[in-house]
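Structure below is start-v3.pdb: PDB, C-alpha atoms.
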```
ATOM      1  CA  THR A  58       0.000   0.000   0.000  1.00  0.00           C
ATOM      2  CA  LYS A  59       2.977   2.307   0.507  1.00  0.00           C
ATOM      3  CA  LYS A  60       3.833   2.057  -3.197  1.00  0.00           C
ATOM      4  CA  ILE A  61       0.239   2.866  -4.114  1.00  0.00           C
ATOM      5  CA  ASP A  62       0.207   5.908  -1.816  1.00  0.00           C
ATOM      6  CA  LYS A  63       3.543   7.064  -3.258  1.00  0.00           C
ATOM      7  CA  GLU A  64       2.224   6.765  -6.823  1.00  0.00           C
ATOM      8  CA  PHE A  65      -0.918   8.721  -5.957  1.00  0.00           C
ATOM      9  CA  GLU A  66       1.221  11.524  -4.499  1.00  0.00           C
ATOM     10  CA  ASN A  67       2.331  12.237  -8.073  1.00  0.00           C
ATOM     11  CA  HIS A  68      -0.874  11.396  -9.974  1.00  0.00           C
ATOM     12  CA  ASP A  69      -4.623  11.276  -9.389  1.00  0.00           C
ATOM     13  CA  TYR A  70      -5.005   8.130 -11.495  1.00  0.00           C
ATOM     14  CA  ILE A  71      -3.322   4.959 -12.702  1.00  0.00           C
ATOM     15  CA  LEU A  72      -4.061   3.368 -16.069  1.00  0.00           C
ATOM     16  CA  THR A  73      -4.459  -0.390 -15.688  1.00  0.00           C
ATOM     17  CA  GLU A  74      -2.073  -0.993 -18.578  1.00  0.00           C
ATOM     18  CA  ASP A  75       0.667   0.796 -16.588  1.00  0.00           C
ATOM     19  CA  ILE A  76       0.184  -1.119 -13.315  1.00  0.00           C
ATOM     20  CA  GLU A  77       2.709  -3.881 -13.993  1.00  0.00           C
ATOM     21  CA  GLY A  78       5.423  -1.395 -14.938  1.00  0.00           C
ATOM     22  CA  ILE A  79       4.769   0.857 -11.948  1.00  0.00           C
ATOM     23  CA  PHE A  80       4.459  -1.792  -9.250  1.00  0.00           C
ATOM     24  CA  GLY A  81       6.360  -4.746 -10.690  1.00  0.00           C
ATOM     25  CA  ILE A  82       3.490  -7.166 -10.023  1.00  0.00           C
ATOM     26  CA  SER A  83       0.513  -8.349 -12.052  1.00  0.00           C
ATOM     27  CA  ARG A  84      -2.714  -6.391 -12.398  1.00  0.00           C
ATOM     28  CA  GLU A  85      -4.602  -9.193 -10.701  1.00  0.00           C
ATOM     29  CA  GLU A  86      -2.500  -8.753  -7.560  1.00  0.00           C
ATOM     30  CA  ILE A  87      -2.768  -4.960  -7.259  1.00  0.00           C
ATOM     31  CA  GLN A  88      -6.374  -4.350  -8.304  1.00  0.00           C
ATOM     32  CA  PRO A  89      -7.934  -5.813  -5.123  1.00  0.00           C
ATOM     33  CA  LEU A  90      -5.718  -3.479  -3.071  1.00  0.00           C
ATOM     34  CA  LEU A  91      -6.789  -0.479  -5.140  1.00  0.00           C
ATOM     35  CA  LYS A  92     -10.416  -1.430  -4.535  1.00  0.00           C
ATOM     36  CA  LEU A  93      -9.880  -1.897  -0.788  1.00  0.00           C
ATOM     37  CA  LEU A  94      -8.215   1.517  -0.594  1.00  0.00           C
ATOM     38  CA  GLY A  95     -11.359   3.081  -2.081  1.00  0.00           C
ATOM     39  CA  CYS A  96     -10.095   3.853  -5.569  1.00  0.00           C
ATOM     40  CA  LYS A  97     -12.727   4.199  -8.287  1.00  0.00           C
ATOM     41  CA  CYS A  98     -12.370   2.105 -11.408  1.00  0.00           C
ATOM     42  CA  PHE A  99     -13.736   3.150 -14.787  1.00  0.00           C
ATOM     43  CA  VAL A 100     -13.820   0.791 -17.772  1.00  0.00           C
ATOM     44  CA  TYR A 101     -14.270   1.727 -21.411  1.00  0.00           C
ATOM     45  CA  LYS A 102     -13.522  -0.343 -24.517  1.00  0.00           C
ATOM     46  CA  LYS A 103     -11.464  -3.010 -22.698  1.00  0.00           C
ATOM     47  CA  ARG A 104      -9.340  -0.351 -20.948  1.00  0.00           C
ATOM     48  CA  SER A 105      -9.569   0.694 -17.337  1.00  0.00           C
ATOM     49  CA  ILE A 106      -8.344   3.499 -15.134  1.00  0.00           C
ATOM     50  CA  TRP A 107      -8.140   3.775 -11.337  1.00  0.00           C
ATOM     51  CA  ILE A 108      -8.824   7.151  -9.704  1.00  0.00           C
ATOM     52  CA  LYS A 109      -7.503   7.870  -6.218  1.00  0.00           C
ATOM     53  CA  PRO A 110      -9.990   8.222  -3.365  1.00  0.00           C
ATOM     54  CA  GLY A 111     -11.231  11.718  -2.620  1.00  0.00           C
ATOM     55  CA  THR A 112     -10.847  13.026  -6.174  1.00  0.00           C
ATOM     56  CA  LYS A 113     -13.600  15.530  -6.938  1.00  0.00           C
ATOM     57  CA  GLU A 114     -16.128  14.752  -9.688  1.00  0.00           C
ATOM     58  CA  GLU A 115     -14.961  17.609 -11.938  1.00  0.00           C
ATOM     59  CA  LYS A 116     -11.364  16.347 -11.767  1.00  0.00           C
ATOM     60  CA  ILE A 117     -12.545  12.784 -12.513  1.00  0.00           C
ATOM     61  CA  LYS A 118     -14.407  14.002 -15.601  1.00  0.00           C
ATOM     62  CA  LYS A 119     -11.293  15.853 -16.791  1.00  0.00           C
ATOM     63  CA  ILE A 120      -9.038  12.801 -16.284  1.00  0.00           C
ATOM     64  CA  LEU A 121     -11.462  10.491 -18.073  1.00  0.00           C
ATOM     65  CA  LYS A 122     -11.830  12.871 -21.017  1.00  0.00           C
ATOM     66  CA  GLN A 123      -8.042  13.274 -21.226  1.00  0.00           C
ATOM     67  CA  HIS A 124      -7.638   9.496 -21.601  1.00  0.00           C
ATOM     68  CA  ASN A 125     -10.652   8.986 -23.923  1.00  0.00           C
ATOM     69  CA  PHE A 126     -12.944   7.342 -21.381  1.00  0.00           C
ATOM     70  CA  LYS A 127     -16.684   7.960 -21.283  1.00  0.00           C
ATOM     71  CA  TYR A 128     -18.010   9.359 -18.021  1.00  0.00           C
ATOM     72  CA  ARG A 129     -21.216   7.744 -16.773  1.00  0.00           C
ATOM     73  CA  HIS A 130     -22.448   8.952 -13.412  1.00  0.00           C
TER      74      HIS A 130
END
```
Take the structure from the file and write it as structure tokens.
Amino acid sequence: TKKIDKEFENHDYILTEDIEGIFGISREEIQPLLKLLGCKCFVYKKRSIWIKPGTKEEKIKKILKQHNFKYRH
């Protein structure tokens, strides 16, 4: 969880495709931890993105748009 916290100090999100490179473990191992920590996951066209807990809705919309995700509230 320390690595996750450290990563979220620099970014408000993590793209699932970058997880293995950032953490050095498989997606399947880190995703349950992200969920337990309260991160929000958005999926669009077989891609997913994890947003850190406490991120405001307007910021979430901006991040999703930036990475070509559809926002569905």
Check which residues satisfy the PyMOL selection byres ((chain A and resi 88) around 12) in the file shown, then give them as a ChimeraX atom specification. /A:58,61,71-74,76-77,80,82-87,89-98,105-108
Kindly save the residues from that selection, with C-alpha atoms included, as a compact mmCIF listing (two decimals), in the frame of the given file.
```
# COMPACT_ATOMS: atom_id res chain seq x y z
CA THR A 58 0.00 0.00 0.00
CA ILE A 61 0.24 2.87 -4.11
CA ILE A 71 -3.32 4.96 -12.70
CA LEU A 72 -4.06 3.37 -16.07
CA THR A 73 -4.46 -0.39 -15.69
CA GLU A 74 -2.07 -0.99 -18.58
CA ILE A 76 0.18 -1.12 -13.32
CA GLU A 77 2.71 -3.88 -13.99
CA PHE A 80 4.46 -1.79 -9.25
CA ILE A 82 3.49 -7.17 -10.02
CA SER A 83 0.51 -8.35 -12.05
CA ARG A 84 -2.71 -6.39 -12.40
CA GLU A 85 -4.60 -9.19 -10.70
CA GLU A 86 -2.50 -8.75 -7.56
CA ILE A 87 -2.77 -4.96 -7.26
CA PRO A 89 -7.93 -5.81 -5.12
CA LEU A 90 -5.72 -3.48 -3.07
CA LEU A 91 -6.79 -0.48 -5.14
CA LYS A 92 -10.42 -1.43 -4.54
CA LEU A 93 -9.88 -1.90 -0.79
CA LEU A 94 -8.22 1.52 -0.59
CA GLY A 95 -11.36 3.08 -2.08
CA CYS A 96 -10.10 3.85 -5.57
CA LYS A 97 -12.73 4.20 -8.29
CA CYS A 98 -12.37 2.10 -11.41
CA SER A 105 -9.57 0.69 -17.34
CA ILE A 106 -8.34 3.50 -15.13
CA TRP A 107 -8.14 3.78 -11.34
CA ILE A 108 -8.82 7.15 -9.70
```
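Our summary of the geometry notes that atom CA of A:Lys127 is positioned 9.5 Å from atom CA of A:Lys102.
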Atom CA of A:Lys59 to atom CA of A:Ile120, distance in Å rounded to a single decimal: 23.2 Å
Run the PyMOL selection byres ((chain A and resi 112) around 12) on the file and write out the hits as a list of chain:residue names. A:Phe65, A:His68, A:Asp69, A:Tyr70, A:Gly95, A:Cys96, A:Lys97, A:Trp107, A:Ile108, A:Lys109, A:Pro110, A:Gly111, A:Lys113, A:Glu114, A:Glu115, A:Lys116, A:Ile117, A:Lys118, A:Lys119, A:Ile120
Output for the residues just chosen: C-alpha atoms as an mmCIF file, keeping the file's coordinate frame:
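Output saved as again_17.cif:
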```cif
data_model
loop_
_atom_site.group_PDB
_atom_site.id
_atom_site.type_symbol
_atom_site.label_atom_id
_atom_site.label_comp_id
_atom_site.auth_asym_id
_atom_site.auth_seq_id
_atom_site.Cartn_x
_atom_site.Cartn_y
_atom_site.Cartn_z
ATOM 1 C CA PHE A 65 -0.918 8.721 -5.957
ATOM 2 C CA HIS A 68 -0.874 11.396 -9.974
ATOM 3 C CA ASP A 69 -4.623 11.276 -9.389
ATOM 4 C CA TYR A 70 -5.005 8.130 -11.495
ATOM 5 C CA GLY A 95 -11.359 3.081 -2.081
ATOM 6 C CA CYS A 96 -10.095 3.853 -5.569
ATOM 7 C CA LYS A 97 -12.727 4.199 -8.287
ATOM 8 C CA TRP A 107 -8.140 3.775 -11.337
ATOM 9 C CA ILE A 108 -8.824 7.151 -9.704
ATOM 10 C CA LYS A 109 -7.503 7.870 -6.218
ATOM 11 C CA PRO A 110 -9.990 8.222 -3.365
ATOM 12 C CA GLY A 111 -11.231 11.718 -2.620
ATOM 13 C CA LYS A 113 -13.600 15.530 -6.938
ATOM 14 C CA GLU A 114 -16.128 14.752 -9.688
ATOM 15 C CA GLU A 115 -14.961 17.609 -11.938
ATOM 16 C CA LYS A 116 -11.364 16.347 -11.767
ATOM 17 C CA ILE A 117 -12.545 12.784 -12.513
ATOM 18 C CA LYS A 118 -14.407 14.002 -15.601
ATOM 19 C CA LYS A 119 -11.293 15.853 -16.791
ATOM 20 C CA ILE A 120 -9.038 12.801 -16.284
#
```
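What separates atom CA of A:Val100 from atom CA of A:Phe126 is a distance of 7.5 Å.
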Closest to A:Asp75 among A:Phe99, A:Gln123, A:Asp62, A:Arg104, using all atoms listed in the file? A:Arg104
Take every atom of stretch 117-121 of chain A listed in the file, fit an axis-aligned box around them, add 4 Å per side, and give the centre and edge lengths in Å to one decimal as JSON.
```
{"center_x": -11.7, "center_y": 13.2, "center_z": -15.3, "size_x": 13.4, "size_y": 13.4, "size_z": 13.6}
```
